[in-house]
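Here's structure_3.cif, which has mmCIF, C-alpha atoms and all ligand atoms:
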data_start
loop_
_atom_site.label_atom_id
_atom_site.label_comp_id
_atom_site.auth_asym_id
_atom_site.auth_seq_id
_atom_site.Cartn_x
_atom_site.Cartn_y
_atom_site.Cartn_z
CA MET A 482 -91.10 146.51 147.35
CA ARG A 483 -89.19 143.97 145.42
CA SER A 484 -92.20 142.53 143.69
CA PHE A 485 -93.35 146.07 142.85
CA SER A 486 -90.20 146.90 140.89
CA LEU A 487 -90.39 143.56 139.14
CA PHE A 488 -93.94 144.41 138.16
CA LEU A 489 -92.85 147.78 136.75
CA CYS A 490 -90.05 146.11 134.90
CA MET A 491 -92.45 143.66 133.30
CA GLY A 492 -94.63 146.56 132.26
CA VAL A 493 -91.67 148.09 130.45
CA LEU A 494 -90.93 144.88 128.64
CA VAL A 495 -94.52 144.43 127.53
CA VAL A 496 -94.75 147.96 126.20
CA ALA A 497 -91.30 147.90 124.60
CA ALA A 498 -92.35 144.86 122.61
CA GLU A 499 -95.39 146.74 121.33
CA LEU A 500 -93.43 149.80 120.17
CA PRO A 501 -93.00 150.35 116.44
CA SER A 502 -89.85 149.03 114.82
CA ILE A 503 -89.76 151.47 111.89
CA GLY A 504 -87.93 154.75 112.37
CA GLN A 505 -86.89 154.04 115.94
CA VAL A 506 -84.08 156.22 117.12
CA GLY A 507 -82.29 156.93 120.38
CA ASN A 508 -80.82 154.34 122.69
CA ALA A 509 -81.91 152.05 125.47
CA SER A 510 -80.76 154.42 128.22
CA SER A 511 -83.14 157.14 127.08
CA GLN A 512 -86.09 154.72 127.04
CA ALA A 513 -88.48 155.63 129.84
CA LYS A 514 -90.35 153.30 132.19
CA ILE A 515 -93.97 153.00 131.17
CA PRO A 516 -96.79 151.35 133.12
CA PRO A 517 -98.83 148.51 131.60
CA ILE A 518 -101.78 149.53 129.43
CA PRO A 519 -105.04 149.10 131.40
CA GLY A 520 -107.82 146.89 130.08
CA GLY A 521 -111.16 147.74 128.51
CA ALA A 522 -112.13 150.83 126.57
CA LEU A 523 -109.52 152.96 128.30
CA GLY A 524 -106.75 150.67 127.09
CA GLU A 525 -108.20 150.73 123.58
CA SER A 526 -108.19 154.53 123.64
CA ILE A 527 -104.53 154.55 124.74
CA ARG A 528 -103.59 152.18 121.90
CA LEU A 529 -105.55 154.24 119.41
CA GLY A 530 -103.83 157.41 120.63
CA ARG A 531 -100.46 155.78 120.21
CA ASP A 532 -101.37 154.71 116.66
CA LEU A 533 -102.42 158.27 115.84
CA VAL A 534 -99.16 159.67 117.20
CA GLU A 535 -97.25 157.16 115.07
CA LYS A 536 -99.34 157.28 111.88
CA THR A 537 -100.76 160.81 112.01
CA THR A 538 -100.52 161.30 108.25
CA THR A 539 -102.11 158.00 107.22
CA HIS A 540 -104.52 156.91 109.98
CA PRO A 541 -108.12 157.54 108.78
CA LEU A 542 -108.99 159.42 112.00
CA SER A 543 -106.06 161.87 111.94
CA LYS A 544 -105.36 162.12 108.20
CA PRO A 545 -108.09 164.75 107.58
CA TYR A 546 -106.36 167.05 110.07
CA SER A 547 -102.78 166.50 108.91
CA GLY A 548 -101.33 168.98 106.42
CA ASN A 549 -97.83 167.69 105.75
CA ALA A 550 -95.64 164.57 105.76
CA LEU A 551 -94.89 164.60 109.50
CA ASN A 552 -96.28 162.28 112.16
CA CYS A 553 -96.15 163.31 115.81
CA THR A 554 -93.46 160.64 116.27
CA SER A 555 -91.26 162.33 113.62
CA CYS A 556 -90.32 164.81 116.38
CA HIS A 557 -91.65 163.13 119.55
CA LEU A 558 -89.32 160.20 118.97
CA LYS A 559 -90.50 156.66 119.72
CA ASN A 560 -94.05 157.95 120.07
CA GLY A 561 -92.92 160.37 122.75
CA THR A 562 -91.34 157.71 124.98
CA ASP A 563 -87.76 158.80 124.30
CA LEU A 564 -86.94 160.84 127.40
CA GLN A 565 -84.40 163.02 125.59
CA ALA A 566 -86.32 164.18 122.54
CA ALA A 567 -89.51 166.20 123.17
CA THR A 568 -90.79 163.42 125.41
CA PHE A 569 -94.43 162.93 126.35
CA ILE A 570 -93.42 161.27 129.63
CA GLY A 571 -94.75 163.30 132.54
CA VAL A 572 -96.21 165.98 130.27
CA ALA A 573 -99.79 165.65 131.53
CA SER A 574 -98.67 166.52 135.06
CA ALA A 575 -97.86 170.09 133.94
CA TYR A 576 -101.34 171.05 132.66
CA PRO A 577 -103.38 173.24 132.71
CA ALA A 578 -100.43 175.57 132.08
CA TRP A 579 -99.87 179.19 131.17
CA SER A 580 -99.14 179.67 127.47
CA PRO A 581 -97.39 182.94 126.59
CA ARG A 582 -98.19 182.30 122.89
CA GLU A 583 -101.96 181.91 123.39
CA ARG A 584 -102.04 184.39 126.29
CA ARG A 585 -104.36 181.99 128.10
CA VAL A 586 -104.11 179.11 130.50
CA ILE A 587 -104.43 176.10 128.20
CA THR A 588 -105.23 172.44 128.72
CA LEU A 589 -103.20 169.53 127.43
CA GLU A 590 -105.94 168.98 124.85
CA ASP A 591 -105.44 172.54 123.56
CA ARG A 592 -101.71 171.95 123.33
CA ILE A 593 -102.19 168.75 121.34
CA LEU A 594 -104.69 170.32 118.94
CA ASN A 595 -102.48 173.36 118.35
CA CYS A 596 -99.68 171.02 117.21
CA PHE A 597 -101.95 169.86 114.40
CA MET A 598 -102.14 173.47 113.17
CA ARG A 599 -98.45 174.27 113.43
CA SER A 600 -96.00 171.36 113.46
CA CYS A 601 -98.35 169.28 111.29
CA ASN A 602 -99.49 172.29 109.20
CA GLY A 603 -103.04 170.94 109.30
CA LYS A 604 -106.47 171.73 110.73
CA ARG A 605 -107.35 171.81 114.41
CA PRO A 606 -109.47 168.74 115.24
CA PRO A 607 -112.62 169.47 117.27
CA LEU A 608 -112.29 169.54 121.05
CA GLY A 609 -113.59 166.31 122.48
CA SER A 610 -113.38 164.44 119.14
CA GLU A 611 -112.16 160.85 119.13
CA VAL A 612 -108.83 161.79 117.58
CA SER A 613 -108.25 164.44 120.22
CA VAL A 614 -109.38 162.40 123.22
CA SER A 615 -107.36 159.31 122.22
CA ILE A 616 -104.12 161.24 121.85
CA LEU A 617 -104.90 162.99 125.14
CA THR A 618 -105.52 159.62 126.77
CA TYR A 619 -102.28 158.17 125.42
CA ILE A 620 -100.19 161.13 126.57
CA THR A 621 -101.89 161.25 129.96
CA TRP A 622 -101.24 157.54 130.42
CA LEU A 623 -97.54 158.26 129.88
CA SER A 624 -97.72 160.46 133.02
CA SER A 625 -99.24 157.79 135.25
CA GLY A 626 -98.02 158.06 138.83
CA GLN A 627 -96.39 161.47 138.38
CA PRO A 628 -97.38 164.23 140.80
CA ILE A 629 -99.28 167.14 139.28
CA ARG A 630 -97.19 170.32 139.09
CA MET A 631 -99.01 172.76 136.85
CA ASN A 632 -96.60 174.97 134.95
CA PRO A 633 -97.17 178.70 135.63
CA ASP A 634 -94.59 179.84 133.04
CA ARG A 635 -94.90 177.79 129.85
CA PRO A 636 -96.82 174.85 128.41
CA LEU A 637 -94.04 172.33 128.97
CA GLY A 638 -93.77 169.21 131.08
CA PRO A 639 -91.11 168.26 133.64
CA ASN A 640 -88.61 166.95 131.04
CA PRO A 641 -88.36 169.74 128.45
CA LEU A 642 -85.60 169.91 125.86
CA PRO A 643 -82.56 171.66 127.35
CA GLN A 644 -82.23 174.86 125.30
CA VAL A 645 -78.94 175.51 123.51
CA SER A 646 -77.61 179.00 124.35
CA LEU A 647 -77.63 181.63 121.62
CA ALA A 648 -75.17 183.85 123.50
CA GLY A 649 -72.32 184.90 121.21
CA PHE A 650 -73.60 182.75 118.35
CA LYS A 651 -73.30 184.08 114.79
CA PRO A 652 -75.14 181.81 112.37
CA ASP A 653 -72.90 180.51 109.59
CA GLN A 654 -75.06 178.95 106.92
CA ASN A 655 -72.05 177.81 104.89
CA LYS A 656 -70.87 175.71 107.81
CA GLY A 657 -74.47 174.57 108.28
CA SER A 658 -74.77 173.58 104.64
CA GLN A 659 -71.47 171.67 104.74
CA LEU A 660 -72.50 169.79 107.89
CA TYR A 661 -75.91 169.10 106.40
CA SER A 662 -74.28 167.40 103.37
CA GLU A 663 -72.05 165.30 105.61
CA ARG A 664 -74.47 164.32 108.36
CA CYS A 665 -78.05 164.65 107.15
CA ALA A 666 -78.45 164.63 103.37
CA SER A 667 -78.06 160.86 103.00
CA CYS A 668 -81.42 160.41 104.73
CA HIS A 669 -83.31 163.68 104.29
CA GLY A 670 -82.08 164.31 100.73
CA ARG A 671 -79.79 167.02 99.39
CA ASN A 672 -82.91 169.04 98.61
CA GLY A 673 -84.26 168.58 102.18
CA LEU A 674 -87.52 167.17 100.88
CA GLY A 675 -87.09 163.79 102.56
CA ARG A 676 -86.52 160.33 101.14
CA ARG A 677 -88.39 157.11 101.76
CA MET A 678 -89.13 156.86 105.53
CA ASN A 679 -87.16 160.03 106.28
CA PRO A 680 -89.36 163.11 106.59
CA PRO A 681 -88.84 166.47 104.82
CA LEU A 682 -87.03 169.28 106.66
CA TRP A 683 -88.31 172.13 104.55
CA GLY A 684 -90.65 172.81 101.62
CA GLU A 685 -94.43 172.44 101.33
CA ARG A 686 -94.60 169.07 103.14
CA SER A 687 -92.70 170.17 106.27
CA TYR A 688 -93.65 172.06 109.46
CA ASN A 689 -94.90 175.63 108.94
CA ASP A 690 -93.25 178.81 110.16
CA GLY A 691 -95.55 178.94 113.21
CA ALA A 692 -94.12 175.67 114.57
CA GLY A 693 -91.64 175.51 117.44
CA LEU A 694 -88.96 174.00 115.21
CA ALA A 695 -89.17 177.02 112.87
CA GLU A 696 -87.16 178.83 115.56
CA VAL A 697 -83.42 178.22 115.15
CA GLN A 698 -82.81 177.86 118.90
CA LYS A 699 -85.61 175.32 119.35
CA LEU A 700 -84.59 173.33 116.28
CA ALA A 701 -80.95 173.22 117.43
CA SER A 702 -82.07 172.15 120.91
CA TRP A 703 -84.19 169.35 119.44
CA LEU A 704 -81.44 168.23 117.03
CA LYS A 705 -78.79 167.72 119.71
CA PRO A 706 -80.41 164.71 121.45
CA SER A 707 -82.20 163.48 118.29
CA MET A 708 -80.17 163.60 115.08
CA PRO A 709 -78.50 161.89 113.34
CA PRO A 710 -80.20 158.81 114.82
CA GLU A 711 -77.76 156.62 116.80
CA GLU A 712 -75.00 159.26 116.35
CA THR A 713 -76.26 162.21 118.36
CA ASP A 714 -73.00 164.09 118.90
CA LEU A 715 -73.61 167.55 117.41
CA THR A 716 -71.98 170.39 119.37
CA ASP A 717 -74.08 173.46 120.22
CA ASP A 718 -72.49 175.45 117.37
CA GLU A 719 -72.94 172.64 114.86
CA ALA A 720 -76.59 172.20 115.83
CA LEU A 721 -77.21 175.97 115.61
CA ASN A 722 -75.49 176.28 112.22
CA ILE A 723 -77.42 173.34 110.78
CA ALA A 724 -80.65 174.74 112.26
CA ALA A 725 -79.97 178.16 110.71
CA PHE A 726 -79.31 176.48 107.37
CA ILE A 727 -82.49 174.34 107.52
CA ASN A 728 -84.71 177.24 108.57
CA SER A 729 -83.29 179.52 105.84
CA HIS A 730 -85.37 177.51 103.33
CA ASP A 731 -88.98 178.13 102.40
CA ARG A 732 -91.75 176.40 104.30
CA PRO A 733 -95.52 176.96 104.60
CA LYS A 734 -96.57 180.27 106.17
CA PHE A 735 -98.75 179.98 109.28
CA ARG A 736 -101.94 182.01 109.00
CA LEU A 737 -104.25 181.12 111.87
CA LYS A 738 -107.47 181.41 109.87
CA ASP A 739 -106.28 178.76 107.39
CA HIS A 740 -105.99 176.26 110.24
CA LEU A 741 -109.08 176.85 112.35
CA PRO A 742 -112.18 174.84 111.44
CA GLU A 743 -115.71 176.28 111.18
CA LYS A 744 -116.85 177.73 114.52
CA SER A 745 -119.40 174.94 114.90
CA GLU A 746 -116.62 172.31 114.71
CA LEU A 747 -114.26 174.10 117.02
CA GLY A 748 -115.72 173.98 120.46
CA GLU A 749 -114.11 177.12 121.78
CA TYR A 750 -110.65 178.08 120.56
CA ASN A 751 -108.95 178.69 123.90
CA SER A 752 -106.71 181.60 122.96
CA LEU A 753 -106.64 185.36 122.69
CA ILE A 754 -104.22 185.58 119.76
CA ASP A 755 -107.00 186.17 117.20
CA LYS A 756 -108.30 189.17 119.19
C1 LIG B 801 -92.00 169.27 113.61
C2 LIG B 801 -91.85 168.60 114.90
C3 LIG B 801 -93.09 168.31 115.72
C4 LIG B 801 -94.23 167.63 115.32
C5 LIG B 801 -94.51 167.02 113.96
C6 LIG B 801 -95.10 167.61 116.46
N1 LIG B 801 -94.52 168.24 117.51
FE1 LIG B 801 -95.28 168.44 119.38
N2 LIG B 801 -93.68 169.55 119.93
C7 LIG B 801 -92.53 169.72 119.19
C8 LIG B 801 -91.54 170.41 119.98
C9 LIG B 801 -90.14 170.79 119.51
C10 LIG B 801 -92.13 170.67 121.24
C11 LIG B 801 -91.50 171.37 122.44
C12 LIG B 801 -90.75 170.35 123.26
C13 LIG B 801 -89.81 170.97 124.29
O1 LIG B 801 -89.43 172.14 124.17
O2 LIG B 801 -89.44 170.24 125.25
C14 LIG B 801 -93.48 170.10 121.17
C15 LIG B 801 -94.38 170.13 122.22
C16 LIG B 801 -95.53 169.36 122.27
C17 LIG B 801 -96.34 169.18 123.43
C18 LIG B 801 -96.10 169.80 124.79
C19 LIG B 801 -95.03 169.00 125.50
C20 LIG B 801 -94.80 169.48 126.91
O3 LIG B 801 -93.68 169.22 127.43
O4 LIG B 801 -95.71 170.06 127.53
C21 LIG B 801 -97.34 168.31 123.10
C22 LIG B 801 -98.42 167.78 124.03
C23 LIG B 801 -97.17 167.97 121.72
N3 LIG B 801 -96.06 168.63 121.23
C24 LIG B 801 -97.98 167.11 121.03
C25 LIG B 801 -97.84 166.84 119.68
C26 LIG B 801 -98.75 166.01 118.94
C27 LIG B 801 -99.94 165.28 119.53
C28 LIG B 801 -98.32 166.00 117.65
C29 LIG B 801 -98.95 165.34 116.45
C30 LIG B 801 -100.35 165.68 116.21
C31 LIG B 801 -97.11 166.81 117.60
N4 LIG B 801 -96.86 167.30 118.84
C32 LIG B 801 -96.35 167.02 116.46
C33 LIG B 801 -92.34 169.32 117.89
C34 LIG B 801 -93.28 168.67 117.11
C1 LIG B 802 -80.17 157.55 109.24
C2 LIG B 802 -81.10 158.49 108.67
C3 LIG B 802 -81.11 159.91 109.24
C4 LIG B 802 -80.08 160.81 109.34
C5 LIG B 802 -78.61 160.60 108.95
C6 LIG B 802 -80.65 162.02 109.86
N1 LIG B 802 -81.98 161.87 110.08
FE1 LIG B 802 -83.29 163.30 110.74
N2 LIG B 802 -84.78 161.92 110.80
C7 LIG B 802 -84.68 160.61 110.41
C8 LIG B 802 -85.92 159.93 110.70
C9 LIG B 802 -86.23 158.47 110.39
C10 LIG B 802 -86.76 160.88 111.30
C11 LIG B 802 -88.18 160.64 111.85
C12 LIG B 802 -88.09 160.09 113.25
C13 LIG B 802 -88.93 158.88 113.45
O1 LIG B 802 -89.90 158.67 112.70
O2 LIG B 802 -88.59 158.11 114.38
C14 LIG B 802 -86.03 162.12 111.33
C15 LIG B 802 -86.55 163.34 111.79
C16 LIG B 802 -85.91 164.55 111.69
C17 LIG B 802 -86.51 165.84 111.99
C18 LIG B 802 -87.92 166.09 112.51
C19 LIG B 802 -88.97 165.86 111.48
C20 LIG B 802 -88.85 166.79 110.28
O3 LIG B 802 -88.83 166.25 109.16
O4 LIG B 802 -88.76 168.01 110.44
C21 LIG B 802 -85.55 166.79 111.77
C22 LIG B 802 -85.69 168.29 111.93
C23 LIG B 802 -84.34 166.10 111.35
N3 LIG B 802 -84.62 164.74 111.30
C24 LIG B 802 -83.14 166.71 111.06
C25 LIG B 802 -81.95 166.01 110.79
C26 LIG B 802 -80.67 166.65 110.69
C27 LIG B 802 -80.41 168.13 110.80
C28 LIG B 802 -79.75 165.66 110.47
C29 LIG B 802 -78.27 165.79 110.37
C30 LIG B 802 -77.60 166.39 111.51
C31 LIG B 802 -80.49 164.40 110.39
N4 LIG B 802 -81.82 164.67 110.62
C32 LIG B 802 -79.93 163.17 110.11
C33 LIG B 802 -83.58 160.03 109.81
C34 LIG B 802 -82.32 160.59 109.72
#

As structure tokens, how would this structure be written, given the file I've shared?
Ligand code: HEC
Ligand code: HEC
Amino acid sequence: MRSFSLFLCMGVLVVAAELPSIGQVGNASSQAKIPPIPGGALGESIRLGRDLVEKTTTHPLSKPYSGNALNCTSCHLKNGTDLQAATFIGVASAYPAWSPRERRVITLEDRILNCFMRSCNGKRPPLGSEVSVSILTYITWLSSGQPIRMNPDRPLGPNPLPQVSLAGFKPDQNKGSQLYSERCASCHGRNGLGRRMNPPLWGERSYNDGAGLAEVQKLASWLKPSMPPEETDLTDDEALNIAAFINSHDRPKFRLKDHLPEKSELGEYNSLIDK
């Protein structure tokens, strides 16, 4: 027993050392335990998947499918290993899952590919393509050892973002704007278009209006454990007001047909929303 936990612990150290140093946020306590990467081609696929999650906009394999300035890790902090912020830990254990949005039971691969169309405002990579399978492999690896509990209600894993309550909330964009200037603008720019390593929050290079974060409640719920980095102390009302302010700005419109590839490159689009 003792040697087992030591082994796990070593695995964490090894992986922590391999994590990217740029744009890391969160704190040590929200860092999850991750098993060692296996050898051979499977390990290579996991590493490739992690690279794609980190460098979605620039990696030659994912770049053709990316449509804005966001990498998966811009929202799935620390490549999805931060337990508090839209984590990938355990996620694979929840799929296949029922998706109210697609009105179908979807696989984890579907869920990943749909993020390219919405949060990344890009094109859906083909089912079974290298880009898709590597990200799937990486995320599945992050669920190693977790018991499968398929989700009958929503396509979300066992550690979803706690949702901020909207009960009694009246959005106040003036308060949101004020807070934005004080807490966010230094990194994301007064115009919200991002600066240097800090991604845009609205405008043509941000997530489109079909993304989860385009909903005020979801954005506020993501902000609370995530932003500002190292100072995550927004109250529910502050997070909601900032979210209302951010989402009052223009961003790309989601029209499904602009994001689906040619039928021949699609496999089958596992959804009924275009019917
Ligand atoms: C603009 C922010 C954003 C970007 C960029 C983004 N996502 Fe997401 N994604 C989210 C949010 C928010 C959720 C919902 C998390 C929650 O409610 O717990 C989510 C959910 C998911 C889920 C389901 C998680 C679960 O618990 O079942 C997967 C898988 C996923 N995203 C993969 C990706 C991949 C792969 C990329 C890059 C190609 C990506 N996402 C890009 C914000 C984003
Ligand atoms: C110290 C700089 C810094 C501050 C201050 C900051 N952010 Fe961020 N923000 C980042 C970085 C860096 C990322 C990308 C995360 C990564 O790559 O690890 C990010 C990502 C985001 C994202 C998801 C990606 C996107 O562009 O949509 C949102 C939304 C966001 N920040 C909102 C805010 C809000 C709201 C505040 C103020 C409450 C804030 N941030 C304060 C640096 C900052």

Hey, which residues come within 8 Å of ligand LIG 801 (chain B) if we count all atoms listed in the file? Could you give them as a PDB file with C-alpha atoms, in the frame of the given file?
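File selection_23.pdb, as written:
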ATOM      1  CA  LEU A 533    -102.420 158.270 115.840  1.00  0.00           C
ATOM      2  CA  VAL A 534     -99.160 159.670 117.200  1.00  0.00           C
ATOM      3  CA  THR A 537    -100.760 160.810 112.010  1.00  0.00           C
ATOM      4  CA  SER A 547    -102.780 166.500 108.910  1.00  0.00           C
ATOM      5  CA  LEU A 551     -94.890 164.600 109.500  1.00  0.00           C
ATOM      6  CA  ASN A 552     -96.280 162.280 112.160  1.00  0.00           C
ATOM      7  CA  CYS A 553     -96.150 163.310 115.810  1.00  0.00           C
ATOM      8  CA  THR A 554     -93.460 160.640 116.270  1.00  0.00           C
ATOM      9  CA  SER A 555     -91.260 162.330 113.620  1.00  0.00           C
ATOM     10  CA  CYS A 556     -90.320 164.810 116.380  1.00  0.00           C
ATOM     11  CA  HIS A 557     -91.650 163.130 119.550  1.00  0.00           C
ATOM     12  CA  ALA A 566     -86.320 164.180 122.540  1.00  0.00           C
ATOM     13  CA  ALA A 567     -89.510 166.200 123.170  1.00  0.00           C
ATOM     14  CA  THR A 568     -90.790 163.420 125.410  1.00  0.00           C
ATOM     15  CA  PHE A 569     -94.430 162.930 126.350  1.00  0.00           C
ATOM     16  CA  GLY A 571     -94.750 163.300 132.540  1.00  0.00           C
ATOM     17  CA  VAL A 572     -96.210 165.980 130.270  1.00  0.00           C
ATOM     18  CA  ALA A 573     -99.790 165.650 131.530  1.00  0.00           C
ATOM     19  CA  ALA A 575     -97.860 170.090 133.940  1.00  0.00           C
ATOM     20  CA  TYR A 576    -101.340 171.050 132.660  1.00  0.00           C
ATOM     21  CA  LEU A 589    -103.200 169.530 127.430  1.00  0.00           C
ATOM     22  CA  GLU A 590    -105.940 168.980 124.850  1.00  0.00           C
ATOM     23  CA  ARG A 592    -101.710 171.950 123.330  1.00  0.00           C
ATOM     24  CA  ILE A 593    -102.190 168.750 121.340  1.00  0.00           C
ATOM     25  CA  LEU A 594    -104.690 170.320 118.940  1.00  0.00           C
ATOM     26  CA  CYS A 596     -99.680 171.020 117.210  1.00  0.00           C
ATOM     27  CA  PHE A 597    -101.950 169.860 114.400  1.00  0.00           C
ATOM     28  CA  SER A 600     -96.000 171.360 113.460  1.00  0.00           C
ATOM     29  CA  CYS A 601     -98.350 169.280 111.290  1.00  0.00           C
ATOM     30  CA  ILE A 616    -104.120 161.240 121.850  1.00  0.00           C
ATOM     31  CA  LEU A 617    -104.900 162.990 125.140  1.00  0.00           C
ATOM     32  CA  ILE A 620    -100.190 161.130 126.570  1.00  0.00           C
ATOM     33  CA  PRO A 636     -96.820 174.850 128.410  1.00  0.00           C
ATOM     34  CA  LEU A 637     -94.040 172.330 128.970  1.00  0.00           C
ATOM     35  CA  GLY A 638     -93.770 169.210 131.080  1.00  0.00           C
ATOM     36  CA  PRO A 639     -91.110 168.260 133.640  1.00  0.00           C
ATOM     37  CA  ASN A 640     -88.610 166.950 131.040  1.00  0.00           C
ATOM     38  CA  PRO A 641     -88.360 169.740 128.450  1.00  0.00           C
ATOM     39  CA  LEU A 642     -85.600 169.910 125.860  1.00  0.00           C
ATOM     40  CA  PRO A 643     -82.560 171.660 127.350  1.00  0.00           C
ATOM     41  CA  GLN A 644     -82.230 174.860 125.300  1.00  0.00           C
ATOM     42  CA  SER A 687     -92.700 170.170 106.270  1.00  0.00           C
ATOM     43  CA  TYR A 688     -93.650 172.060 109.460  1.00  0.00           C
ATOM     44  CA  ALA A 692     -94.120 175.670 114.570  1.00  0.00           C
ATOM     45  CA  GLY A 693     -91.640 175.510 117.440  1.00  0.00           C
ATOM     46  CA  LEU A 694     -88.960 174.000 115.210  1.00  0.00           C
ATOM     47  CA  LYS A 699     -85.610 175.320 119.350  1.00  0.00           C
ATOM     48  CA  LEU A 700     -84.590 173.330 116.280  1.00  0.00           C
ATOM     49  CA  TRP A 703     -84.190 169.350 119.440  1.00  0.00           C
TER      50      TRP A 703
END

Task: Atomic separation - atom CA of A:Ala550 relative to atom CA of A:Ile723, Å - done: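 Separation of atom CA of A:Ile723 and atom CA of A:Ala550: 20.8 Å.
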
Task: All residues having an atom within 7 Å of ligand LIG 802 (chain B) (all atoms listed in the file) as a PyMOL selection string - done: chain A and resi 504-506+551+554-556+558-559+661+664-669+678-682+687-688+700+704+708-710+723-724

Open item on the list: Calculated over only C-alpha atoms, which of the candidates A:Lys705, A:Glu685, A:Gly548, A:Lys514 has the smallest distance to A:Gln565?
Closed with: A:Lys705

Surrounding residues of A:Asn655 excluding itself and chain neighbours under 3 positions, 9 Å, all atoms listed in the file, as a PDB file with C-alpha atoms, in the frame of the given file:
ATOM      1  CA  SER A 658     -74.770 173.580 104.640  1.00  0.00           C
ATOM      2  CA  GLN A 659     -71.470 171.670 104.740  1.00  0.00           C
ATOM      3  CA  LEU A 660     -72.500 169.790 107.890  1.00  0.00           C
ATOM      4  CA  ASN A 722     -75.490 176.280 112.220  1.00  0.00           C
ATOM      5  CA  PHE A 726     -79.310 176.480 107.370  1.00  0.00           C
TER       6      PHE A 726
END

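You will find atom CA of A:Tyr546 at 23.5 Å from atom CA of A:Arg585.
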
Task: Straight-line distance linking atom CA of A:Gln654 with atom CA of A:Asp718, stated in Å to one decimal - done: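 Result for atom CA of A:Gln654 versus atom CA of A:Asp718: 11.3 Å, one decimal.
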
Open item on the list: Which residues are close to A:Trp683, i.e. within 7 Å by only C-alpha atoms, leaving aside same-chain residues fewer than 6 positions away? Reply as a ChimeraX atom specification.
Closed with: /A:673-674,727,730-732

Open item on the list: Report as a PyMOL selection string all protein, DNA and RNA residues lying within 12 Å of A:Arg531, evaluated on all atoms listed in the file, omitting residues in the same chain fewer than 3 positions from it.
Closed with: chain A and resi 496+499-501+518+524-528+534-537+540+543+552-554+557+559-562+569+612-623

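Counting only C-alpha atoms, the residue from A:Ala578, A:Leu542, A:Leu608, A:Ala648 that sits nearest to A:Asp717 is A:Ala648.
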
TODO: Would you list the residues near (-105.3, 188.9, 118.5), meaning any protein, DNA or RNA residue with an atom at most 12 Å from that point in file coordinates, counting only C-alpha atoms, as a PyMOL selection string?
DONE: chain A and resi 582-585+737-738+752-756
